[in-house]
file final-v1.cif (mmCIF, C-alpha atoms and all ligand atoms)
data_coords
#
loop_
_atom_site.label_atom_id
_atom_site.label_comp_id
_atom_site.auth_asym_id
_atom_site.auth_seq_id
_atom_site.Cartn_x
_atom_site.Cartn_y
_atom_site.Cartn_z
CA MET A 1 -131.03 129.49 159.83
CA ARG A 2 -129.73 128.60 163.29
CA THR A 3 -131.11 130.26 166.41
CA ASN A 4 -128.63 132.47 168.26
CA ILE A 5 -128.73 132.29 172.03
CA ILE A 6 -127.23 134.11 174.98
CA ALA A 7 -127.78 131.99 178.09
CA GLY A 8 -126.93 133.17 181.59
CA ASN A 9 -125.98 130.41 184.02
CA TRP A 10 -126.30 131.95 187.46
CA LYS A 11 -125.03 128.78 189.16
CA MET A 12 -125.62 128.87 192.96
CA ASN A 13 -125.98 132.65 193.09
CA ASN A 14 -128.95 134.90 193.99
CA ASP A 15 -131.89 134.33 196.28
CA ILE A 16 -135.41 135.26 195.19
CA PHE A 17 -134.89 138.91 196.17
CA THR A 18 -131.57 139.56 194.43
CA GLY A 19 -132.64 137.28 191.58
CA ASN A 20 -135.88 139.18 190.94
CA ASN A 21 -133.89 142.37 191.00
CA LEU A 22 -131.42 141.06 188.41
CA ILE A 23 -134.14 139.90 186.04
CA ASN A 24 -135.94 143.23 186.35
CA GLN A 25 -132.69 145.06 185.58
CA ILE A 26 -132.14 142.86 182.51
CA ILE A 27 -135.67 143.58 181.28
CA LYS A 28 -135.22 147.32 181.84
CA LEU A 29 -132.04 147.36 179.77
CA LEU A 30 -133.59 145.20 177.04
CA GLU A 31 -136.58 147.50 176.74
CA LYS A 32 -134.25 150.26 175.60
CA GLU A 33 -132.88 148.11 172.77
CA ASN A 34 -134.27 146.74 169.55
CA ALA A 35 -134.87 143.05 170.07
CA ASN A 36 -133.56 140.71 167.39
CA PRO A 37 -136.09 137.92 166.87
CA ASN A 38 -133.27 135.53 166.00
CA VAL A 39 -131.34 136.11 169.25
CA LYS A 40 -132.91 134.45 172.26
CA ILE A 41 -132.08 135.29 175.85
CA VAL A 42 -132.11 132.37 178.25
CA ILE A 43 -131.85 132.84 182.00
CA ALA A 44 -130.88 129.90 184.20
CA PRO A 45 -131.37 130.88 187.84
CA PRO A 46 -131.32 128.42 190.75
CA TYR A 47 -134.46 126.26 191.12
CA THR A 48 -135.69 128.46 193.97
CA ASN A 49 -136.00 131.45 191.62
CA LEU A 50 -137.82 129.72 188.77
CA SER A 51 -141.35 130.31 189.96
CA GLU A 52 -140.85 134.05 190.54
CA ALA A 53 -138.80 134.40 187.36
CA LYS A 54 -141.62 132.81 185.40
CA GLU A 55 -144.03 135.51 186.62
CA ILE A 56 -141.60 138.32 185.83
CA ILE A 57 -140.93 137.25 182.26
CA LYS A 58 -144.52 136.19 181.58
CA ASN A 59 -146.05 137.97 178.56
CA ASN A 60 -142.71 139.56 177.67
CA THR A 61 -142.04 140.30 174.04
CA LEU A 62 -138.29 140.46 174.59
CA ASN A 63 -137.50 136.88 173.56
CA ILE A 64 -136.54 135.80 177.12
CA TYR A 65 -136.82 132.15 178.14
CA LEU A 66 -136.27 130.29 181.36
CA SER A 67 -133.80 127.47 181.91
CA ALA A 68 -132.99 125.14 184.79
CA GLN A 69 -129.38 124.25 185.57
CA ASN A 70 -129.98 120.51 185.93
CA CYS A 71 -132.70 117.93 186.58
CA HIS A 72 -133.22 114.24 187.34
CA TYR A 73 -134.17 111.84 184.55
CA GLU A 74 -137.14 110.29 186.37
CA ASP A 75 -140.48 112.07 186.54
CA LYS A 76 -141.11 111.30 190.20
CA GLY A 77 -140.09 108.99 192.99
CA ALA A 78 -137.85 108.49 195.99
CA PHE A 79 -134.95 110.73 194.94
CA THR A 80 -134.54 113.05 197.90
CA GLY A 81 -133.40 116.52 196.95
CA GLU A 82 -133.93 116.08 193.21
CA ILE A 83 -136.12 118.01 190.75
CA SER A 84 -137.83 116.25 187.84
CA PRO A 85 -138.37 117.34 184.23
CA SER A 86 -142.14 117.32 184.72
CA MET A 87 -141.78 119.75 187.65
CA LEU A 88 -139.76 122.08 185.43
CA ASP A 89 -142.21 121.72 182.59
CA ALA A 90 -145.03 122.80 184.93
CA LEU A 91 -143.08 126.01 185.61
CA SER A 92 -142.88 126.87 181.88
CA VAL A 93 -139.16 126.17 181.81
CA SER A 94 -137.98 125.97 178.18
CA TYR A 95 -134.34 124.85 178.52
CA VAL A 96 -132.32 122.65 180.89
CA ILE A 97 -128.52 122.84 181.13
CA LEU A 98 -127.17 119.29 181.30
CA GLY A 99 -123.68 117.92 181.72
CA HIS A 100 -122.14 121.15 182.98
CA SER A 101 -118.51 120.57 183.96
CA GLU A 102 -119.29 121.47 187.59
CA ARG A 103 -121.92 118.69 187.65
CA ARG A 104 -119.33 116.32 186.19
CA LEU A 105 -116.62 117.42 188.62
CA TYR A 106 -118.47 117.83 191.93
CA PHE A 107 -121.36 115.38 191.45
CA ASN A 108 -119.57 112.77 189.38
CA GLU A 109 -122.07 112.93 186.51
CA LYS A 110 -121.20 110.73 183.56
CA ASP A 111 -122.44 110.90 180.00
CA THR A 112 -124.49 107.71 180.44
CA ILE A 113 -126.61 109.48 183.09
CA ILE A 114 -126.60 112.74 181.15
CA ALA A 115 -127.96 110.84 178.11
CA LYS A 116 -130.96 109.69 180.17
CA LYS A 117 -131.60 113.24 181.36
CA ILE A 118 -131.43 114.53 177.79
CA THR A 119 -134.08 112.06 176.60
CA SER A 120 -136.31 112.89 179.54
CA VAL A 121 -136.06 116.62 178.97
CA ILE A 122 -136.86 116.23 175.27
CA ASN A 123 -139.85 114.02 176.13
CA HIS A 124 -141.17 116.98 178.11
CA LYS A 125 -140.74 119.25 175.09
CA MET A 126 -137.95 121.26 176.72
CA THR A 127 -134.58 121.88 175.11
CA PRO A 128 -131.41 120.44 176.64
CA ILE A 129 -128.34 122.64 176.56
CA TYR A 130 -125.74 119.88 176.52
CA CYS A 131 -122.31 120.97 177.81
CA CYS A 132 -119.12 119.32 176.65
CA GLY A 133 -115.48 120.30 176.79
CA GLU A 134 -111.98 119.24 177.70
CA LEU A 135 -109.83 119.63 180.81
CA LEU A 136 -106.61 121.63 180.69
CA GLU A 137 -104.41 118.53 180.51
CA GLU A 138 -106.50 117.18 177.61
CA ARG A 139 -105.99 120.42 175.72
CA GLU A 140 -102.26 120.38 176.49
CA ASN A 141 -101.71 116.76 175.48
CA ASN A 142 -103.78 117.32 172.35
CA THR A 143 -106.45 114.72 173.12
CA TYR A 144 -109.25 117.29 173.30
CA LYS A 145 -110.98 116.25 170.08
CA THR A 146 -111.03 112.58 171.13
CA VAL A 147 -112.49 113.57 174.51
CA ILE A 148 -115.19 115.79 173.00
CA LYS A 149 -116.11 113.21 170.35
CA LYS A 150 -116.56 110.57 173.07
CA GLN A 151 -118.72 112.91 175.17
CA ILE A 152 -120.97 113.66 172.20
CA GLU A 153 -121.25 110.03 171.11
CA GLU A 154 -122.12 108.83 174.62
CA ALA A 155 -124.56 111.58 175.47
CA LEU A 156 -126.25 112.25 172.15
CA PHE A 157 -125.84 109.45 169.65
CA SER A 158 -128.74 107.35 170.93
CA LEU A 159 -131.16 110.16 169.97
CA SER A 160 -133.41 109.81 166.95
CA ASN A 161 -133.12 112.33 164.11
CA GLU A 162 -136.20 114.08 165.40
CA GLN A 163 -134.87 114.29 168.98
CA MET A 164 -131.52 115.56 167.76
CA GLN A 165 -133.23 118.55 166.20
CA SER A 166 -134.13 119.91 169.63
CA ILE A 167 -130.60 119.94 171.03
CA VAL A 168 -128.47 122.98 171.88
CA ILE A 169 -124.78 122.32 172.57
CA ALA A 170 -122.43 124.41 174.68
CA TYR A 171 -118.72 123.95 174.13
CA GLU A 172 -117.06 124.81 177.42
CA PRO A 173 -113.32 124.27 177.68
CA VAL A 174 -113.16 123.44 181.38
CA TRP A 175 -109.87 125.32 181.77
CA ALA A 176 -111.64 128.52 180.72
CA ILE A 177 -114.63 128.32 183.07
CA GLY A 178 -114.56 130.93 185.79
CA THR A 179 -110.80 131.30 185.37
CA GLY A 180 -110.64 134.49 183.33
CA LYS A 181 -108.81 132.49 180.62
CA ASN A 182 -110.74 132.05 177.45
CA ALA A 183 -110.18 130.10 174.27
CA THR A 184 -109.13 132.33 171.39
CA SER A 185 -111.84 132.79 168.80
CA GLN A 186 -109.85 130.49 166.45
CA GLU A 187 -109.50 127.77 169.10
CA ALA A 188 -113.21 127.97 169.85
CA GLN A 189 -114.17 127.96 166.16
CA GLU A 190 -112.00 124.89 165.53
CA VAL A 191 -113.84 122.91 168.21
CA HIS A 192 -117.29 124.21 167.24
CA GLN A 193 -116.66 123.14 163.66
CA PHE A 194 -115.39 119.76 164.90
CA ILE A 195 -118.55 119.29 167.02
CA ARG A 196 -120.73 120.10 164.02
CA GLN A 197 -118.79 117.66 161.84
CA THR A 198 -119.08 114.94 164.48
CA ILE A 199 -122.85 115.39 164.59
CA LYS A 200 -123.00 115.57 160.80
CA SER A 201 -121.28 112.18 160.54
CA LYS A 202 -124.37 110.59 162.10
CA TYR A 203 -127.21 113.06 161.59
CA GLY A 204 -126.31 114.69 158.27
CA THR A 205 -127.68 118.15 157.59
CA ILE A 206 -129.50 118.28 160.96
CA ALA A 207 -126.10 119.38 162.29
CA ASP A 208 -126.33 122.61 160.28
CA ASN A 209 -129.29 123.77 162.37
CA ILE A 210 -127.95 122.96 165.84
CA PRO A 211 -126.97 126.03 167.87
CA ILE A 212 -123.50 125.59 169.39
CA LEU A 213 -122.74 128.10 172.15
CA TYR A 214 -119.33 129.02 173.51
CA GLY A 215 -118.85 129.09 177.29
CA GLY A 216 -115.74 129.94 179.27
CA SER A 217 -114.99 133.44 180.55
CA CYS A 218 -116.99 135.10 177.78
CA LYS A 219 -117.08 138.79 178.74
CA PRO A 220 -118.13 142.08 177.15
CA ASP A 221 -114.57 142.70 175.93
CA ASN A 222 -114.06 139.37 174.10
CA ALA A 223 -117.62 138.45 173.10
CA GLN A 224 -117.73 140.31 169.79
CA GLU A 225 -114.67 138.58 168.39
CA ILE A 226 -115.85 135.14 169.51
CA PHE A 227 -119.32 135.61 168.00
CA THR A 228 -118.06 136.59 164.58
CA MET A 229 -116.90 132.98 164.10
CA PRO A 230 -119.18 131.06 161.70
CA ASP A 231 -119.87 128.02 163.90
CA ILE A 232 -120.36 129.96 167.13
CA ASP A 233 -124.05 130.69 167.60
CA GLY A 234 -123.99 132.39 170.97
CA GLY A 235 -122.72 131.97 174.49
CA LEU A 236 -123.33 130.24 177.79
CA ILE A 237 -122.29 132.91 180.23
CA GLY A 238 -121.43 132.32 183.90
CA GLY A 239 -119.83 135.15 185.88
CA ALA A 240 -120.80 137.93 183.47
CA SER A 241 -124.47 136.91 183.60
CA LEU A 242 -124.68 138.11 187.20
CA LYS A 243 -124.42 141.75 186.18
CA ALA A 244 -127.27 142.99 184.00
CA SER A 245 -125.10 145.52 182.15
CA GLU A 246 -122.42 142.93 181.26
CA PHE A 247 -124.98 140.33 180.23
CA ILE A 248 -126.80 142.78 177.96
CA SER A 249 -123.54 144.01 176.52
CA ILE A 250 -122.69 140.41 175.53
CA TRP A 251 -126.19 140.02 174.05
CA LYS A 252 -125.62 143.18 172.01
CA SER A 253 -122.35 141.77 170.68
CA LEU A 254 -124.15 138.66 169.50
CA LYS A 255 -126.97 140.69 167.98
CA SER A 256 -124.55 142.79 165.97
CA SER A 257 -122.37 139.82 164.94
CA LYS A 258 -125.15 137.81 163.36
CA THR A 259 -127.30 139.14 160.56
CA ILE A 260 -130.92 138.11 160.37
C1 LIG B 301 -120.15 128.40 182.84
O1 LIG B 301 -119.88 127.90 183.91
O2 LIG B 301 -121.08 127.94 182.15
C2 LIG B 301 -119.35 129.53 182.39
C3 LIG B 301 -119.23 129.73 181.12
O3 LIG B 301 -118.75 130.28 183.37
P1 LIG B 301 -117.84 131.61 183.18
O4 LIG B 301 -118.49 132.45 182.10
O5 LIG B 301 -117.86 132.27 184.51
O6 LIG B 301 -116.49 131.14 182.76
#

call {"tool": "encode", "arguments": {"input": "final-v1.cif", "output": "structure tokens", "more": "lines below"}}
Ligand code: PEP
result
Amino acid sequence: MRTNIIAGNWKMNNDIFTGNNLINQIIKLLEKENANPNVKIVIAPPYTNLSEAKEIIKNNTLNIYLSAQNCHYEDKGAFTGEISPSMLDALSVSYVILGHSERRLYFNEKDTIIAKKITSVINHKMTPIYCCGELLEERENNTYKTVIKKQIEEALFSLSNEQMQSIVIAYEPVWAIGTGKNATSQEAQEVHQFIRQTIKSKYGTIADNIPILYGGSCKPDNAQEIFTMPDIDGGLIGGASLKASEFISIWKSLKSSKTI
């Protein structure tokens, strides 16, 4: 059975004070609910919040894990301003978001570099959340499957079978991120199924166990419908992860859409 995940990508929002507050609010709301052991909650605050966040979620029985939003591929060295996988590992970080479209757009990250980061993160026993997805023009000119296949091949296909088993994928149509537009549940399902097939073509049945999350304006009012799709195993949530009530409402939708 695949793990279901709701991951909140805070992006460059919240300092340690507002961030601590948000995590405490999330925990308070979760404590009122029945946890589902097969639905994980992942919180990806900015680097500056990780240390405090680690203390807050320590010893929790609520299935909450910590994620970073990026990292370098080297463990140490003269890379001013960068954070390494070993530094994240030392903070009990479990996941690292890699290849987010904002990293690709604003920091010119390519899949060749992302592939190195993925290997490094896996070597530190953390789980990469690899983001892929097409631009608006690629959706409109119907090249989106070619684009996504190329992203997956370049970033993931040098992994061994064993390494591939520790991957989480997020399909994020770039035109739906932070825009209020979202893919319909059918559009999202089509791509999720395509991603799984692409992985299956090289890794066989390993593909059946890889969680594929949907990201792109997933909100409390559309989450339920999206999560009922068979190849959608959760969500990578941006804007709606900044409000505890919205984030938990999306988590509840996932919990009720997937049976244990
Ligand atoms: C994201 O950037 O990962 C994301 C899904 O953002 P939003 O939910 O705000 O569209």

call {"tool": "residues_near_ligand", "arguments": {"input": "final-v1.cif", "ligand": "ligand LIG 301 (chain B)", "cutoff": "8 Å", "atoms": "only C-alpha atoms and all ligand atoms", "output": "ChimeraX atom specification"}}
result
/A:8-9,11,100-102,172,176-180,182,214-219,235-241

call {"tool": "atom_distance", "arguments": {"input": "final-v1.cif", "atom1": "atom CA of Trp175 of chain A", "atom2": "atom CA of Leu136 of chain A"}}
result
5.0 Å

call {"tool": "residues_around", "arguments": {"input": "final-v1.cif", "residues": "Thr198 of chain A", "least_positions_apart": "5", "cutoff": "9 Å", "atoms": "all atoms listed in the file", "output": "list of chain:residue names"}}
result
A:Lys149, A:Ile152, A:Glu153, A:Gln193, A:Tyr203, A:Ala207

call {"tool": "closest_atom_pairs", "arguments": {"input": "final-v1.cif", "of": "segment 115-234 of chain A", "to": "segment 81-99 of chain A", "cutoff": "7 Å", "atoms": "all atoms listed in the file", "output": "CSV"}}
result
residue,atom,partner,partner_atom,distance
A:Ser120,CA,A:Pro85,CA,6.8
A:Val121,CA,A:Pro85,CA,5.8
A:His124,CA,A:Asp89,CA,6.6
A:Met126,CA,A:Ser94,CA,4.9
A:Thr127,CA,A:Tyr95,CA,4.5
A:Pro128,CA,A:Val96,CA,4.9
A:Ile129,CA,A:Ile97,CA,4.6
A:Tyr130,CA,A:Leu98,CA,5.0
A:Cys131,CA,A:Gly99,CA,5.1
A:Cys132,CA,A:Gly99,CA,7.0

call {"tool": "atom_distance", "arguments": {"input": "final-v1.cif", "atom1": "atom CA of Ser257 of chain A", "atom2": "atom CA of Leu30 of chain A"}}
result
17.4 Å

call {"tool": "atom_distance", "arguments": {"input": "final-v1.cif", "atom1": "atom CA of Tyr73 of chain A", "atom2": "atom CA of Arg103 of chain A"}}
result
14.4 Å

call {"tool": "axis_aligned_box", "arguments": {"input": "final-v1.cif", "around": "segment 207-220 of chain A", "padding_each_side": "8 Å", "output": "JSON"}}
result
{"center_x": -122.1, "center_y": 130.7, "center_z": 170.4, "size_x": 30.3, "size_y": 38.7, "size_z": 36.3}

call {"tool": "residues_around", "arguments": {"input": "final-v1.cif", "residues": "Tyr47 of chain A", "least_positions_apart": "2", "cutoff": "8 Å", "atoms": "only C-alpha atoms", "output": "list in words"}}
result
Pro45, Asn49, Leu50, Ala68 and Gln69 of chain A

call {"tool": "write_last_selection", "arguments": {"input": "final-v1.cif", "atoms": "C-alpha atoms", "output": "PDB file, keeping the file's coordinate frame"}}
result
ATOM      1  CA  PRO A  45    -131.370 130.880 187.840  1.00  0.00           C
ATOM      2  CA  ASN A  49    -136.000 131.450 191.620  1.00  0.00           C
ATOM      3  CA  LEU A  50    -137.820 129.720 188.770  1.00  0.00           C
ATOM      4  CA  ALA A  68    -132.990 125.140 184.790  1.00  0.00           C
ATOM      5  CA  GLN A  69    -129.380 124.250 185.570  1.00  0.00           C
TER       6      GLN A  69
END

call {"tool": "residues_around", "arguments": {"input": "final-v1.cif", "residues": "Ile23 of chain A", "least_positions_apart": "2", "cutoff": "8 Å", "atoms": "all atoms listed in the file", "output": "PyMOL selection string"}}
result
chain A and resi 19-21+25-27+53+56+244

call {"tool": "residues_around", "arguments": {"input": "final-v1.cif", "residues": "Ile212 of chain A", "least_positions_apart": "6", "cutoff": "12 Å", "atoms": "all atoms listed in the file", "output": "ChimeraX atom specification"}}
result
/A:2-7,128-132,167-172,188-189,191-197,199,227,229-236

call {"tool": "write_last_selection", "arguments": {"input": "final-v1.cif", "atoms": "C-alpha atoms", "output": "CSV table (one decimal), in the coordinates of the input"}}
result
chain,number,residue,atom,x,y,z
A,2,ARG,CA,-129.7,128.6,163.3
A,3,THR,CA,-131.1,130.3,166.4
A,4,ASN,CA,-128.6,132.5,168.3
A,5,ILE,CA,-128.7,132.3,172.0
A,6,ILE,CA,-127.2,134.1,175.0
A,7,ALA,CA,-127.8,132.0,178.1
A,128,PRO,CA,-131.4,120.4,176.6
A,129,ILE,CA,-128.3,122.6,176.6
A,130,TYR,CA,-125.7,119.9,176.5
A,131,CYS,CA,-122.3,121.0,177.8
A,132,CYS,CA,-119.1,119.3,176.6
A,167,ILE,CA,-130.6,119.9,171.0
A,168,VAL,CA,-128.5,123.0,171.9
A,169,ILE,CA,-124.8,122.3,172.6
A,170,ALA,CA,-122.4,124.4,174.7
A,171,TYR,CA,-118.7,124.0,174.1
A,172,GLU,CA,-117.1,124.8,177.4
A,188,ALA,CA,-113.2,128.0,169.8
A,189,GLN,CA,-114.2,128.0,166.2
A,191,VAL,CA,-113.8,122.9,168.2
A,192,HIS,CA,-117.3,124.2,167.2
A,193,GLN,CA,-116.7,123.1,163.7
A,194,PHE,CA,-115.4,119.8,164.9
A,195,ILE,CA,-118.6,119.3,167.0
A,196,ARG,CA,-120.7,120.1,164.0
A,197,GLN,CA,-118.8,117.7,161.8
A,199,ILE,CA,-122.8,115.4,164.6
A,227,PHE,CA,-119.3,135.6,168.0
A,229,MET,CA,-116.9,133.0,164.1
A,230,PRO,CA,-119.2,131.1,161.7
A,231,ASP,CA,-119.9,128.0,163.9
A,232,ILE,CA,-120.4,130.0,167.1
A,233,ASP,CA,-124.0,130.7,167.6
A,234,GLY,CA,-124.0,132.4,171.0
A,235,GLY,CA,-122.7,132.0,174.5
A,236,LEU,CA,-123.3,130.2,177.8

call {"tool": "residues_near_point", "arguments": {"input": "final-v1.cif", "point": "(-137.6, 143.5, 175.2)", "cutoff": "9 Å", "atoms": "all atoms listed in the file", "output": "list in words"}}
result
Ile27, Lys28, Leu29, Leu30, Glu31, Lys32, Glu33, Asn34, Ala35, Asn60, Thr61, Leu62, Asn63 and Ile64 of chain A

call {"tool": "write_last_selection", "arguments": {"input": "final-v1.cif", "atoms": "C-alpha atoms", "output": "compact mmCIF listing (two decimals), in the coordinates of the input"}}
result
# COMPACT_ATOMS: atom_id res chain seq x y z
CA ILE A 27 -135.67 143.58 181.28
CA LYS A 28 -135.22 147.32 181.84
CA LEU A 29 -132.04 147.36 179.77
CA LEU A 30 -133.59 145.20 177.04
CA GLU A 31 -136.58 147.50 176.74
CA LYS A 32 -134.25 150.26 175.60
CA GLU A 33 -132.88 148.11 172.77
CA ASN A 34 -134.27 146.74 169.55
CA ALA A 35 -134.87 143.05 170.07
CA ASN A 60 -142.71 139.56 177.67
CA THR A 61 -142.04 140.30 174.04
CA LEU A 62 -138.29 140.46 174.59
CA ASN A 63 -137.50 136.88 173.56
CA ILE A 64 -136.54 135.80 177.12

call {"tool": "residues_near_point", "arguments": {"input": "final-v1.cif", "point": "(-125.8, 103.8, 176.0)", "cutoff": "8 Å", "atoms": "all atoms listed in the file", "output": "PyMOL selection string"}}
result
chain A and resi 112+115+154-155+158

call {"tool": "closest_residue", "arguments": {"input": "final-v1.cif", "among": "A:Ser160, A:Ser253, A:Asn14, A:Ser201", "to": "Pro220 of chain A", "atoms": "all atoms listed in the file"}}
result
A:Ser253

call {"tool": "closest_residue", "arguments": {"input": "final-v1.cif", "among": "A:Asn123, A:Ile113, A:Ile43, A:Gly77", "to": "Ile248 of chain A", "atoms": "only C-alpha atoms"}}
result
A:Ile43

call {"tool": "decode", "arguments": {"input": "final-v1.cif", "residues": "segment 92-175 of chain A", "atoms": "C-alpha atoms", "output": "PDB file, in the first residue's frame"}}
result
ATOM      1  CA  SER A  92      16.154  15.186  11.920  1.00  0.00           C
ATOM      2  CA  VAL A  93      14.752  16.383   8.616  1.00  0.00           C
ATOM      3  CA  SER A  94      12.987  13.488   6.866  1.00  0.00           C
ATOM      4  CA  TYR A  95      12.096  14.959   3.454  1.00  0.00           C
ATOM      5  CA  VAL A  96      13.611  17.484   1.033  1.00  0.00           C
ATOM      6  CA  ILE A  97      11.584  19.154  -1.730  1.00  0.00           C
ATOM      7  CA  LEU A  98      13.710  19.183  -4.889  1.00  0.00           C
ATOM      8  CA  GLY A  99      13.119  20.633  -8.325  1.00  0.00           C
ATOM      9  CA  HIS A 100      10.275  22.923  -7.305  1.00  0.00           C
ATOM     10  CA  SER A 101       9.205  25.073 -10.253  1.00  0.00           C
ATOM     11  CA  GLU A 102      10.223  28.242  -8.384  1.00  0.00           C
ATOM     12  CA  ARG A 103      13.757  26.833  -8.035  1.00  0.00           C
ATOM     13  CA  ARG A 104      13.735  26.050 -11.754  1.00  0.00           C
ATOM     14  CA  LEU A 105      12.357  29.471 -12.690  1.00  0.00           C
ATOM     15  CA  TYR A 106      14.197  31.863 -10.361  1.00  0.00           C
ATOM     16  CA  PHE A 107      17.414  29.909  -9.720  1.00  0.00           C
ATOM     17  CA  ASN A 108      17.769  28.235 -13.089  1.00  0.00           C
ATOM     18  CA  GLU A 109      17.886  24.716 -11.638  1.00  0.00           C
ATOM     19  CA  LYS A 110      18.082  21.970 -14.227  1.00  0.00           C
ATOM     20  CA  ASP A 111      17.297  18.294 -13.878  1.00  0.00           C
ATOM     21  CA  THR A 112      20.988  17.363 -14.143  1.00  0.00           C
ATOM     22  CA  ILE A 113      21.674  19.294 -10.909  1.00  0.00           C
ATOM     23  CA  ILE A 114      18.432  18.111  -9.328  1.00  0.00           C
ATOM     24  CA  ALA A 115      19.513  14.497 -10.040  1.00  0.00           C
ATOM     25  CA  LYS A 116      22.706  15.049  -8.014  1.00  0.00           C
ATOM     26  CA  LYS A 117      20.707  16.517  -5.136  1.00  0.00           C
ATOM     27  CA  ILE A 118      18.324  13.563  -5.188  1.00  0.00           C
ATOM     28  CA  THR A 119      21.177  11.053  -4.886  1.00  0.00           C
ATOM     29  CA  SER A 120      22.756  13.036  -2.084  1.00  0.00           C
ATOM     30  CA  VAL A 121      19.528  13.269  -0.127  1.00  0.00           C
ATOM     31  CA  ILE A 122      18.900   9.532  -0.487  1.00  0.00           C
ATOM     32  CA  ASN A 123      22.469   8.812   0.657  1.00  0.00           C
ATOM     33  CA  HIS A 124      21.572  10.641   3.859  1.00  0.00           C
ATOM     34  CA  LYS A 125      18.497   8.456   4.301  1.00  0.00           C
ATOM     35  CA  MET A 126      16.092  11.334   3.698  1.00  0.00           C
ATOM     36  CA  THR A 127      13.283  11.240   1.161  1.00  0.00           C
ATOM     37  CA  PRO A 128      13.317  13.558  -1.851  1.00  0.00           C
ATOM     38  CA  ILE A 129       9.989  15.029  -2.899  1.00  0.00           C
ATOM     39  CA  TYR A 130      10.774  15.481  -6.583  1.00  0.00           C
ATOM     40  CA  CYS A 131       8.627  18.126  -8.302  1.00  0.00           C
ATOM     41  CA  CYS A 132       7.837  17.974 -11.997  1.00  0.00           C
ATOM     42  CA  GLY A 133       5.243  19.632 -14.176  1.00  0.00           C
ATOM     43  CA  GLU A 134       4.583  21.581 -17.335  1.00  0.00           C
ATOM     44  CA  LEU A 135       4.303  25.282 -18.135  1.00  0.00           C
ATOM     45  CA  LEU A 136       1.045  26.732 -19.430  1.00  0.00           C
ATOM     46  CA  GLU A 137       2.250  26.846 -23.038  1.00  0.00           C
ATOM     47  CA  GLU A 138       3.323  23.186 -22.822  1.00  0.00           C
ATOM     48  CA  ARG A 139      -0.145  22.225 -21.627  1.00  0.00           C
ATOM     49  CA  GLU A 140      -1.754  24.315 -24.369  1.00  0.00           C
ATOM     50  CA  ASN A 141       0.397  22.964 -27.191  1.00  0.00           C
ATOM     51  CA  ASN A 142      -0.103  19.435 -25.877  1.00  0.00           C
ATOM     52  CA  THR A 143       3.577  18.677 -25.241  1.00  0.00           C
ATOM     53  CA  TYR A 144       3.094  18.253 -21.488  1.00  0.00           C
ATOM     54  CA  LYS A 145       3.631  14.484 -21.433  1.00  0.00           C
ATOM     55  CA  THR A 146       6.883  14.781 -23.405  1.00  0.00           C
ATOM     56  CA  VAL A 147       8.091  17.487 -21.010  1.00  0.00           C
ATOM     57  CA  ILE A 148       7.223  15.496 -17.885  1.00  0.00           C
ATOM     58  CA  LYS A 149       8.739  12.276 -19.269  1.00  0.00           C
ATOM     59  CA  LYS A 150      12.002  14.123 -19.985  1.00  0.00           C
ATOM     60  CA  GLN A 151      12.062  15.640 -16.477  1.00  0.00           C
ATOM     61  CA  ILE A 152      11.567  12.225 -14.891  1.00  0.00           C
ATOM     62  CA  GLU A 153      14.130  10.491 -17.083  1.00  0.00           C
ATOM     63  CA  GLU A 154      16.787  13.143 -16.451  1.00  0.00           C
ATOM     64  CA  ALA A 155      16.222  13.500 -12.729  1.00  0.00           C
ATOM     65  CA  LEU A 156      15.372   9.960 -11.677  1.00  0.00           C
ATOM     66  CA  PHE A 157      16.425   7.341 -14.193  1.00  0.00           C
ATOM     67  CA  SER A 158      20.016   7.052 -12.977  1.00  0.00           C
ATOM     68  CA  LEU A 159      18.741   5.773  -9.607  1.00  0.00           C
ATOM     69  CA  SER A 160      19.079   2.120  -8.683  1.00  0.00           C
ATOM     70  CA  ASN A 161      15.947   0.088  -7.945  1.00  0.00           C
ATOM     71  CA  GLU A 162      16.646   0.417  -4.254  1.00  0.00           C
ATOM     72  CA  GLN A 163      17.094   4.204  -4.435  1.00  0.00           C
ATOM     73  CA  MET A 164      13.933   4.577  -6.492  1.00  0.00           C
ATOM     74  CA  GLN A 165      11.934   3.039  -3.667  1.00  0.00           C
ATOM     75  CA  SER A 166      12.595   6.071  -1.475  1.00  0.00           C
ATOM     76  CA  ILE A 167      11.247   8.676  -3.894  1.00  0.00           C
ATOM     77  CA  VAL A 168       8.100  10.773  -3.526  1.00  0.00           C
ATOM     78  CA  ILE A 169       6.956  12.663  -6.627  1.00  0.00           C
ATOM     79  CA  ALA A 170       4.885  15.839  -6.750  1.00  0.00           C
ATOM     80  CA  TYR A 171       3.126  16.644 -10.003  1.00  0.00           C
ATOM     81  CA  GLU A 172       2.794  20.412 -10.096  1.00  0.00           C
ATOM     82  CA  PRO A 173       1.377  21.946 -13.256  1.00  0.00           C
ATOM     83  CA  VAL A 174       3.274  25.238 -13.147  1.00  0.00           C
ATOM     84  CA  TRP A 175       0.260  27.152 -14.464  1.00  0.00           C
TER      85      TRP A 175
END
